[in-house]
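To keep things clear, I will list the structure first and then write my remarks on it.
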Amino acid sequence: MTHRFGSESGPFLIAGPCVVESDELNLRVAEALAELRVKLGIGVIYKASYDKANRSRLSAPRGPGMEAGLAALETVRNATGLPILTDVHEPGHVPIAARVADVLQIPAFLCRQTDLLVAAGKSNRAVNIKKGQWMAPEEMRGAVEKVRAGGAPEVAVTERGTFFGYGDLVVDMRSFTRLRAACNAPVIFDATHSVQQPGQGADGSSGGQRGFIPPLLYAAAAAGADGFFLETHPDPARAPSDGPNMIPLDQLAGIVGLAVDVWQRVRETVRA
């Protein structure tokens, strides 16, 4: 069954750990997300990558790989009923990942890779394309056209910050309106990667400022984002990757709950 993004009654949430970990941790996060789905009455998609092929360092953890990672993600879906999203990096990986994933995600650094985009479109799965950190909103029109040319039944575009100087990102709140107008697709705000500081962590890894996640998320909810993307972990300090810009799992419900409230209040005001 084709996954559909969101509805007019509320935003949707894509959340999970950066990379597939143990079944125990994957299920702990997924069960919390399943509870949040019921509590807030919103659509929730479980996100984790089986392979982080775009790490900055050769020795950086990449995850369990395709076979083991997809098996772990299937376990999550069977246990919780949550739809699954995972990254794809090469055209040949698309049909294999599509056997398990309900949504295929194109990483920001690969959003201009024509063969990958067309292959994802041919998968008969929903596709989420992350906007490149160097791209204006209107430049994403071409990426969406490539995915739709492959026949994708549903496409979304994610804002994840734009390069600002060295090792930092900035979020332009005009981007949501501009992306929607250019791409005619739901627009998602990745609040966690938007506070990432590439190359500013230990030994050249990515750093981050998670304290800015909530205010940016609430601003995006008011500015027109249709959905939210948040990486979360029970213990971010021990996460294999992106720990500095992940939300602690025990804080997720409160942060998302307030974002949903902002989203609904703004739209009620506009309709009135």
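Here's how to read the names in the structure tokens: chain A, B, ... by the order shown, residue numbers from 1 in each chain, ligand numbers from 1 in the order shown.
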
Tell me, which residues of range 204-249 of chain A carry DSSP strand (DSSP E), written as an MDAnalysis selection string? chainID A and resid 207:208 227:233 247:248

Nearby residues (only C-alpha atoms) at most 9 Å from range 8-20 of chain A, same-chain spacing under 6 positions excluded, as a PDB file with N, CA and C atoms, in the first residue's frame:
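Everything below was put into result_1.pdb:
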ATOM      1  N   ASN A  26      16.051  -0.228  18.916  1.00  0.00           N
ATOM      2  CA  ASN A  26      15.121   0.121  17.841  1.00  0.00           C
ATOM      3  C   ASN A  26      13.682   0.041  18.320  1.00  0.00           C
ATOM      4  N   VAL A  29      12.605   2.791  20.933  1.00  0.00           N
ATOM      5  CA  VAL A  29      12.264   4.061  20.279  1.00  0.00           C
ATOM      6  C   VAL A  29      10.939   3.924  19.541  1.00  0.00           C
ATOM      7  N   ALA A  30      10.766   2.841  18.801  1.00  0.00           N
ATOM      8  CA  ALA A  30       9.558   2.661  17.995  1.00  0.00           C
ATOM      9  C   ALA A  30       8.303   2.573  18.859  1.00  0.00           C
ATOM     10  N   LEU A  33       7.312   5.962  19.873  1.00  0.00           N
ATOM     11  CA  LEU A  33       6.708   6.679  18.758  1.00  0.00           C
ATOM     12  C   LEU A  33       5.286   6.191  18.499  1.00  0.00           C
ATOM     13  N   ARG A  37       1.980   8.528  18.565  1.00  0.00           N
ATOM     14  CA  ARG A  37       1.001   8.565  17.466  1.00  0.00           C
ATOM     15  C   ARG A  37      -0.429   8.533  18.007  1.00  0.00           C
ATOM     16  N   GLY A  41      -2.578  11.825  17.960  1.00  0.00           N
ATOM     17  CA  GLY A  41      -3.453  11.629  16.814  1.00  0.00           C
ATOM     18  C   GLY A  41      -2.848  12.092  15.503  1.00  0.00           C
ATOM     19  N   ILE A  42      -1.548  11.876  15.326  1.00  0.00           N
ATOM     20  CA  ILE A  42      -0.863  12.296  14.108  1.00  0.00           C
ATOM     21  C   ILE A  42      -0.221  11.083  13.428  1.00  0.00           C
ATOM     22  N   GLY A  43       0.092  11.236  12.158  1.00  0.00           N
ATOM     23  CA  GLY A  43       0.820  10.202  11.456  1.00  0.00           C
ATOM     24  C   GLY A  43       2.277  10.181  11.892  1.00  0.00           C
ATOM     25  N   VAL A  44       2.824   8.994  12.123  1.00  0.00           N
ATOM     26  CA  VAL A  44       4.211   8.851  12.556  1.00  0.00           C
ATOM     27  C   VAL A  44       4.904   7.802  11.689  1.00  0.00           C
ATOM     28  N   ILE A  45       6.082   8.127  11.204  1.00  0.00           N
ATOM     29  CA  ILE A  45       6.900   7.242  10.390  1.00  0.00           C
ATOM     30  C   ILE A  45       8.199   6.983  11.152  1.00  0.00           C
ATOM     31  N   TYR A  46       8.578   5.722  11.268  1.00  0.00           N
ATOM     32  CA  TYR A  46       9.828   5.371  11.951  1.00  0.00           C
ATOM     33  C   TYR A  46      10.989   5.489  10.972  1.00  0.00           C
ATOM     34  N   LYS A  47      12.033   6.223  11.386  1.00  0.00           N
ATOM     35  CA  LYS A  47      13.194   6.477  10.527  1.00  0.00           C
ATOM     36  C   LYS A  47      14.466   5.904  11.128  1.00  0.00           C
ATOM     37  N   ALA A  48      15.223   5.169  10.352  1.00  0.00           N
ATOM     38  CA  ALA A  48      16.585   4.773  10.721  1.00  0.00           C
ATOM     39  C   ALA A  48      17.297   4.323   9.450  1.00  0.00           C
ATOM     40  N   SER A  49      18.597   4.561   9.374  1.00  0.00           N
ATOM     41  CA  SER A  49      19.388   4.208   8.197  1.00  0.00           C
ATOM     42  C   SER A  49      20.126   2.898   8.437  1.00  0.00           C
ATOM     43  N   TYR A  50      20.097   2.012   7.450  1.00  0.00           N
ATOM     44  CA  TYR A  50      20.848   0.760   7.565  1.00  0.00           C
ATOM     45  C   TYR A  50      22.318   0.967   7.230  1.00  0.00           C
ATOM     46  N   ASP A  51      22.613   2.064   6.499  1.00  0.00           N
ATOM     47  CA  ASP A  51      23.999   2.364   6.144  1.00  0.00           C
ATOM     48  C   ASP A  51      24.145   3.880   6.032  1.00  0.00           C
ATOM     49  N   LYS A  52      25.033   4.454   6.834  1.00  0.00           N
ATOM     50  CA  LYS A  52      25.335   5.883   6.721  1.00  0.00           C
ATOM     51  C   LYS A  52      26.557   6.010   5.809  1.00  0.00           C
ATOM     52  N   ARG A  62      28.926   3.162  10.423  1.00  0.00           N
ATOM     53  CA  ARG A  62      28.014   3.270   9.283  1.00  0.00           C
ATOM     54  C   ARG A  62      26.721   2.501   9.485  1.00  0.00           C
ATOM     55  N   GLY A  63      26.648   1.646  10.480  1.00  0.00           N
ATOM     56  CA  GLY A  63      25.445   0.853  10.673  1.00  0.00           C
ATOM     57  C   GLY A  63      25.652  -0.590  10.286  1.00  0.00           C
ATOM     58  N   PRO A  64      24.599  -1.412  10.402  1.00  0.00           N
ATOM     59  CA  PRO A  64      24.740  -2.856  10.205  1.00  0.00           C
ATOM     60  C   PRO A  64      24.787  -3.299   8.753  1.00  0.00           C
ATOM     61  N   GLY A  65      24.529  -2.418   7.808  1.00  0.00           N
ATOM     62  CA  GLY A  65      24.504  -2.803   6.403  1.00  0.00           C
ATOM     63  C   GLY A  65      23.095  -3.153   5.948  1.00  0.00           C
ATOM     64  N   GLY A  69      20.293  -4.567   8.404  1.00  0.00           N
ATOM     65  CA  GLY A  69      19.545  -3.356   8.724  1.00  0.00           C
ATOM     66  C   GLY A  69      18.093  -3.433   8.293  1.00  0.00           C
ATOM     67  N   LEU A  70      17.850  -3.923   7.087  1.00  0.00           N
ATOM     68  CA  LEU A  70      16.478  -4.036   6.620  1.00  0.00           C
ATOM     69  C   LEU A  70      15.709  -5.080   7.421  1.00  0.00           C
ATOM     70  N   ALA A  72      16.176  -5.680  10.577  1.00  0.00           N
ATOM     71  CA  ALA A  72      15.852  -5.008  11.840  1.00  0.00           C
ATOM     72  C   ALA A  72      14.683  -4.038  11.666  1.00  0.00           C
ATOM     73  N   LEU A  73      14.654  -3.332  10.543  1.00  0.00           N
ATOM     74  CA  LEU A  73      13.556  -2.401  10.289  1.00  0.00           C
ATOM     75  C   LEU A  73      12.231  -3.151  10.081  1.00  0.00           C
ATOM     76  N   LEU A  85      10.849   4.399   7.119  1.00  0.00           N
ATOM     77  CA  LEU A  85      11.622   5.232   6.189  1.00  0.00           C
ATOM     78  C   LEU A  85      13.102   4.919   6.364  1.00  0.00           C
ATOM     79  N   ILE A 188       8.663  19.227   4.692  1.00  0.00           N
ATOM     80  CA  ILE A 188       9.025  18.738   6.017  1.00  0.00           C
ATOM     81  C   ILE A 188      10.166  19.574   6.570  1.00  0.00           C
ATOM     82  N   ASP A 190      13.376  19.314   8.974  1.00  0.00           N
ATOM     83  CA  ASP A 190      14.318  18.488   9.732  1.00  0.00           C
ATOM     84  C   ASP A 190      14.980  19.378  10.776  1.00  0.00           C
ATOM     85  N   ALA A 221       6.700  25.148  12.500  1.00  0.00           N
ATOM     86  CA  ALA A 221       5.285  24.770  12.598  1.00  0.00           C
ATOM     87  C   ALA A 221       4.396  25.958  12.262  1.00  0.00           C
ATOM     88  N   ALA A 225       5.450  24.453   7.716  1.00  0.00           N
ATOM     89  CA  ALA A 225       5.893  23.076   7.498  1.00  0.00           C
ATOM     90  C   ALA A 225       4.709  22.122   7.637  1.00  0.00           C
ATOM     91  N   ASP A 226       4.637  21.128   6.759  1.00  0.00           N
ATOM     92  CA  ASP A 226       3.562  20.135   6.814  1.00  0.00           C
ATOM     93  C   ASP A 226       3.910  18.972   7.738  1.00  0.00           C
ATOM     94  N   GLY A 227       5.196  18.740   7.934  1.00  0.00           N
ATOM     95  CA  GLY A 227       5.627  17.629   8.775  1.00  0.00           C
ATOM     96  C   GLY A 227       6.944  17.947   9.449  1.00  0.00           C
ATOM     97  N   PHE A 228       7.287  17.137  10.442  1.00  0.00           N
ATOM     98  CA  PHE A 228       8.502  17.333  11.228  1.00  0.00           C
ATOM     99  C   PHE A 228       9.387  16.094  11.141  1.00  0.00           C
ATOM    100  N   PHE A 229      10.686  16.319  11.063  1.00  0.00           N
ATOM    101  CA  PHE A 229      11.686  15.251  11.041  1.00  0.00           C
ATOM    102  C   PHE A 229      12.594  15.452  12.251  1.00  0.00           C
ATOM    103  N   LEU A 230      12.660  14.452  13.117  1.00  0.00           N
ATOM    104  CA  LEU A 230      13.438  14.582  14.348  1.00  0.00           C
ATOM    105  C   LEU A 230      14.157  13.270  14.641  1.00  0.00           C
ATOM    106  N   GLU A 231      15.472  13.335  14.786  1.00  0.00           N
ATOM    107  CA  GLU A 231      16.189  12.147  15.248  1.00  0.00           C
ATOM    108  C   GLU A 231      16.177  12.139  16.769  1.00  0.00           C
ATOM    109  N   THR A 232      15.999  10.942  17.317  1.00  0.00           N
ATOM    110  CA  THR A 232      15.864  10.814  18.760  1.00  0.00           C
ATOM    111  C   THR A 232      16.560   9.540  19.234  1.00  0.00           C
ATOM    112  N   HIS A 233      16.965   9.547  20.503  1.00  0.00           N
ATOM    113  CA  HIS A 233      17.743   8.425  21.053  1.00  0.00           C
ATOM    114  C   HIS A 233      17.593   8.435  22.570  1.00  0.00           C
ATOM    115  N   ALA A 239      25.060   7.608  21.163  1.00  0.00           N
ATOM    116  CA  ALA A 239      24.598   7.251  19.816  1.00  0.00           C
ATOM    117  C   ALA A 239      25.789   7.113  18.875  1.00  0.00           C
ATOM    118  N   PRO A 240      25.756   6.160  17.948  1.00  0.00           N
ATOM    119  CA  PRO A 240      26.884   5.962  17.029  1.00  0.00           C
ATOM    120  C   PRO A 240      27.159   7.160  16.133  1.00  0.00           C
ATOM    121  N   SER A 241      26.120   7.946  15.811  1.00  0.00           N
ATOM    122  CA  SER A 241      26.313   9.120  14.950  1.00  0.00           C
ATOM    123  C   SER A 241      25.269  10.179  15.266  1.00  0.00           C
ATOM    124  N   ASP A 242      25.655  11.433  15.068  1.00  0.00           N
ATOM    125  CA  ASP A 242      24.760  12.592  15.199  1.00  0.00           C
ATOM    126  C   ASP A 242      24.191  12.801  16.597  1.00  0.00           C
ATOM    127  N   GLY A 243      24.847  12.278  17.609  1.00  0.00           N
ATOM    128  CA  GLY A 243      24.369  12.460  18.976  1.00  0.00           C
ATOM    129  C   GLY A 243      24.166  13.909  19.390  1.00  0.00           C
ATOM    130  N   MET A 246      20.622  15.287  18.399  1.00  0.00           N
ATOM    131  CA  MET A 246      19.469  14.411  18.566  1.00  0.00           C
ATOM    132  C   MET A 246      18.708  14.784  19.833  1.00  0.00           C
ATOM    133  N   VAL A 256       7.295  17.589  20.673  1.00  0.00           N
ATOM    134  CA  VAL A 256       6.414  17.394  19.526  1.00  0.00           C
ATOM    135  C   VAL A 256       4.991  17.839  19.853  1.00  0.00           C
ATOM    136  N   VAL A 260       2.875  20.468  17.590  1.00  0.00           N
ATOM    137  CA  VAL A 260       1.571  20.159  17.004  1.00  0.00           C
ATOM    138  C   VAL A 260       0.548  21.218  17.419  1.00  0.00           C
ATOM    139  N   TRP A 263       1.184  24.318  15.377  1.00  0.00           N
ATOM    140  CA  TRP A 263       0.734  24.049  14.007  1.00  0.00           C
ATOM    141  C   TRP A 263      -0.768  24.228  13.887  1.00  0.00           C
ATOM    142  N   GLN A 264      -1.514  23.645  14.817  1.00  0.00           N
ATOM    143  CA  GLN A 264      -2.971  23.701  14.745  1.00  0.00           C
ATOM    144  C   GLN A 264      -3.505  25.098  15.048  1.00  0.00           C
TER     145      GLN A 264
END

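Within the 8 Å cut-off around Met140 in chain A, using only C-alpha atoms and omitting residues fewer than 4 positions from it on the same chain, the listed residues are Lys131, Met135, Ala136, Val144, Leu179, Ala182 and Cys183 of chain A.
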
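With only C-alpha atoms as the atoms that count, the residue of A:Val171, A:Ala119, A:Ile213, A:Ala220 with the shortest distance to Ile247 in chain A is A:Ile213.
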
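Distance-wise, CA of Val195 in chain A and CA of Gln209 in chain A end up 5.5 Å apart.
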
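Pairwise distance (CA of Leu216 in chain A, CA of Glu154 in chain A) equals 26.2 Å.
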
Looking at A:Leu40, A:Gln113, A:Gln105, A:Phe5, which one is nearest to Pro186 in chain A, with distances taken over only C-alpha atoms? A:Phe5

Run DSSP on the backbone and tell me which residues of range 66-162 of chain A come out as alpha helix (DSSP H); list them as a PyMOL selection string. chain A and resi 66-80+94-97+114-121+141-149

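In this structure, CA of Pro91 in chain A sits 15.2 Å away from CA of Asn128 in chain A.
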
Please identify all polymer residues within 9 Å of Gly224 in chain A, counting only C-alpha atoms, omitting same-chain residues fewer than 4 positions from it, and present them as a ChimeraX atom specification. /A:173-174,176-177,187,219-220,263,267

Residues just named, written with N, CA and C atoms as a PDB file, in the first residue's frame:
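Just written: selection.pdb:
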ATOM      1  N   MET A 173      13.028  30.694   7.306  1.00  0.00           N
ATOM      2  CA  MET A 173      11.646  30.290   7.505  1.00  0.00           C
ATOM      3  C   MET A 173      10.750  30.579   6.302  1.00  0.00           C
ATOM      4  N   ARG A 174      11.255  31.330   5.325  1.00  0.00           N
ATOM      5  CA  ARG A 174      10.510  31.513   4.077  1.00  0.00           C
ATOM      6  C   ARG A 174      10.564  30.263   3.208  1.00  0.00           C
ATOM      7  N   PHE A 176       9.695  27.177   3.529  1.00  0.00           N
ATOM      8  CA  PHE A 176       8.574  26.236   3.448  1.00  0.00           C
ATOM      9  C   PHE A 176       7.568  26.665   2.392  1.00  0.00           C
ATOM     10  N   THR A 177       7.219  27.937   2.375  1.00  0.00           N
ATOM     11  CA  THR A 177       6.304  28.453   1.361  1.00  0.00           C
ATOM     12  C   THR A 177       6.931  28.359  -0.025  1.00  0.00           C
ATOM     13  N   VAL A 187       5.967  19.717   2.561  1.00  0.00           N
ATOM     14  CA  VAL A 187       7.282  20.197   2.981  1.00  0.00           C
ATOM     15  C   VAL A 187       7.513  19.816   4.437  1.00  0.00           C
ATOM     16  N   ALA A 219       8.925  27.469  15.295  1.00  0.00           N
ATOM     17  CA  ALA A 219       8.874  28.489  14.247  1.00  0.00           C
ATOM     18  C   ALA A 219       8.468  27.868  12.915  1.00  0.00           C
ATOM     19  N   ALA A 220       9.011  26.693  12.609  1.00  0.00           N
ATOM     20  CA  ALA A 220       8.663  26.016  11.359  1.00  0.00           C
ATOM     21  C   ALA A 220       7.203  25.582  11.343  1.00  0.00           C
ATOM     22  N   TRP A 263       1.184  24.318  15.377  1.00  0.00           N
ATOM     23  CA  TRP A 263       0.734  24.049  14.007  1.00  0.00           C
ATOM     24  C   TRP A 263      -0.768  24.228  13.887  1.00  0.00           C
ATOM     25  N   ARG A 267      -3.054  27.512  12.051  1.00  0.00           N
ATOM     26  CA  ARG A 267      -3.974  27.230  10.944  1.00  0.00           C
ATOM     27  C   ARG A 267      -5.414  27.568  11.307  1.00  0.00           C
TER      28      ARG A 267
END

Considering only C-alpha atoms, return as a list in words whatever protein or nucleic-acid residues lie within 10 Å of Val94 in chain A, sequence-local ones (same chain, fewer than 5 positions apart) excluded. Asp87, Val88, His89, Arg99, Ala101, Leu104, Gln105, Leu116, Leu117, Ala119, Ala120, Gly121, Lys122, Ser123 and Arg125 of chain A

Produce a file of the selected residues containing N, CA and C atoms, as a PDB file, in the first residue's frame.
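New file result04.pdb:
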ATOM      1  N   ASP A  87      17.188   5.609   4.236  1.00  0.00           N
ATOM      2  CA  ASP A  87      17.940   6.246   3.153  1.00  0.00           C
ATOM      3  C   ASP A  87      18.370   5.229   2.108  1.00  0.00           C
ATOM      4  N   VAL A  88      18.463   5.693   0.867  1.00  0.00           N
ATOM      5  CA  VAL A  88      19.094   4.914  -0.199  1.00  0.00           C
ATOM      6  C   VAL A  88      20.171   5.783  -0.829  1.00  0.00           C
ATOM      7  N   HIS A  89      21.298   5.158  -1.199  1.00  0.00           N
ATOM      8  CA  HIS A  89      22.444   5.917  -1.700  1.00  0.00           C
ATOM      9  C   HIS A  89      22.837   5.563  -3.128  1.00  0.00           C
ATOM     10  N   ARG A  99      11.542  -3.342  -0.601  1.00  0.00           N
ATOM     11  CA  ARG A  99      10.835  -4.534  -0.127  1.00  0.00           C
ATOM     12  C   ARG A  99      10.389  -4.375   1.321  1.00  0.00           C
ATOM     13  N   ALA A 101      10.888  -0.906   3.159  1.00  0.00           N
ATOM     14  CA  ALA A 101      10.570   0.492   3.474  1.00  0.00           C
ATOM     15  C   ALA A 101       9.288   0.949   2.788  1.00  0.00           C
ATOM     16  N   LEU A 104      11.190   5.860   0.877  1.00  0.00           N
ATOM     17  CA  LEU A 104      12.616   5.924   0.586  1.00  0.00           C
ATOM     18  C   LEU A 104      13.063   7.378   0.687  1.00  0.00           C
ATOM     19  N   GLN A 105      14.212   7.591   1.299  1.00  0.00           N
ATOM     20  CA  GLN A 105      14.712   8.947   1.491  1.00  0.00           C
ATOM     21  C   GLN A 105      16.000   9.177   0.707  1.00  0.00           C
ATOM     22  N   LEU A 116      19.722   7.964  -9.244  1.00  0.00           N
ATOM     23  CA  LEU A 116      19.165   7.576  -7.953  1.00  0.00           C
ATOM     24  C   LEU A 116      17.735   8.087  -7.807  1.00  0.00           C
ATOM     25  N   LEU A 117      17.493   9.329  -8.189  1.00  0.00           N
ATOM     26  CA  LEU A 117      16.164   9.917  -8.067  1.00  0.00           C
ATOM     27  C   LEU A 117      15.146   9.192  -8.946  1.00  0.00           C
ATOM     28  N   ALA A 119      15.372   6.115 -10.090  1.00  0.00           N
ATOM     29  CA  ALA A 119      15.197   4.762  -9.554  1.00  0.00           C
ATOM     30  C   ALA A 119      14.253   4.764  -8.352  1.00  0.00           C
ATOM     31  N   ALA A 120      14.407   5.752  -7.473  1.00  0.00           N
ATOM     32  CA  ALA A 120      13.513   5.852  -6.317  1.00  0.00           C
ATOM     33  C   ALA A 120      12.074   6.065  -6.773  1.00  0.00           C
ATOM     34  N   GLY A 121      11.911   6.878  -7.830  1.00  0.00           N
ATOM     35  CA  GLY A 121      10.573   7.099  -8.362  1.00  0.00           C
ATOM     36  C   GLY A 121       9.937   5.845  -8.920  1.00  0.00           C
ATOM     37  N   LYS A 122      10.750   4.933  -9.436  1.00  0.00           N
ATOM     38  CA  LYS A 122      10.238   3.691 -10.019  1.00  0.00           C
ATOM     39  C   LYS A 122       9.921   2.619  -8.976  1.00  0.00           C
ATOM     40  N   SER A 123      10.215   2.887  -7.711  1.00  0.00           N
ATOM     41  CA  SER A 123      10.082   1.870  -6.666  1.00  0.00           C
ATOM     42  C   SER A 123       8.648   1.616  -6.229  1.00  0.00           C
ATOM     43  N   ARG A 125       7.167   3.445  -4.177  1.00  0.00           N
ATOM     44  CA  ARG A 125       7.145   3.851  -2.777  1.00  0.00           C
ATOM     45  C   ARG A 125       7.118   5.377  -2.699  1.00  0.00           C
TER      46      ARG A 125
END

Exercise: Pro234 in chain A partners within 7 Å, only C-alpha atoms, chain neighbours under 5 positions left out, as a list in words: Pro248, Leu249 and Asp250 of chain A

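Distance check against Asn124 in chain A using only C-alpha atoms: of A:Val103, A:Cys111, A:Gly81, A:Glu138, the minimum falls on A:Val103.
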
Neighbour list for Lys39 in chain A as a ChimeraX atom specification, cut-off 10 Å, only C-alpha atoms, skip fewer than 5 positions in-chain: /A:33-34,253,257
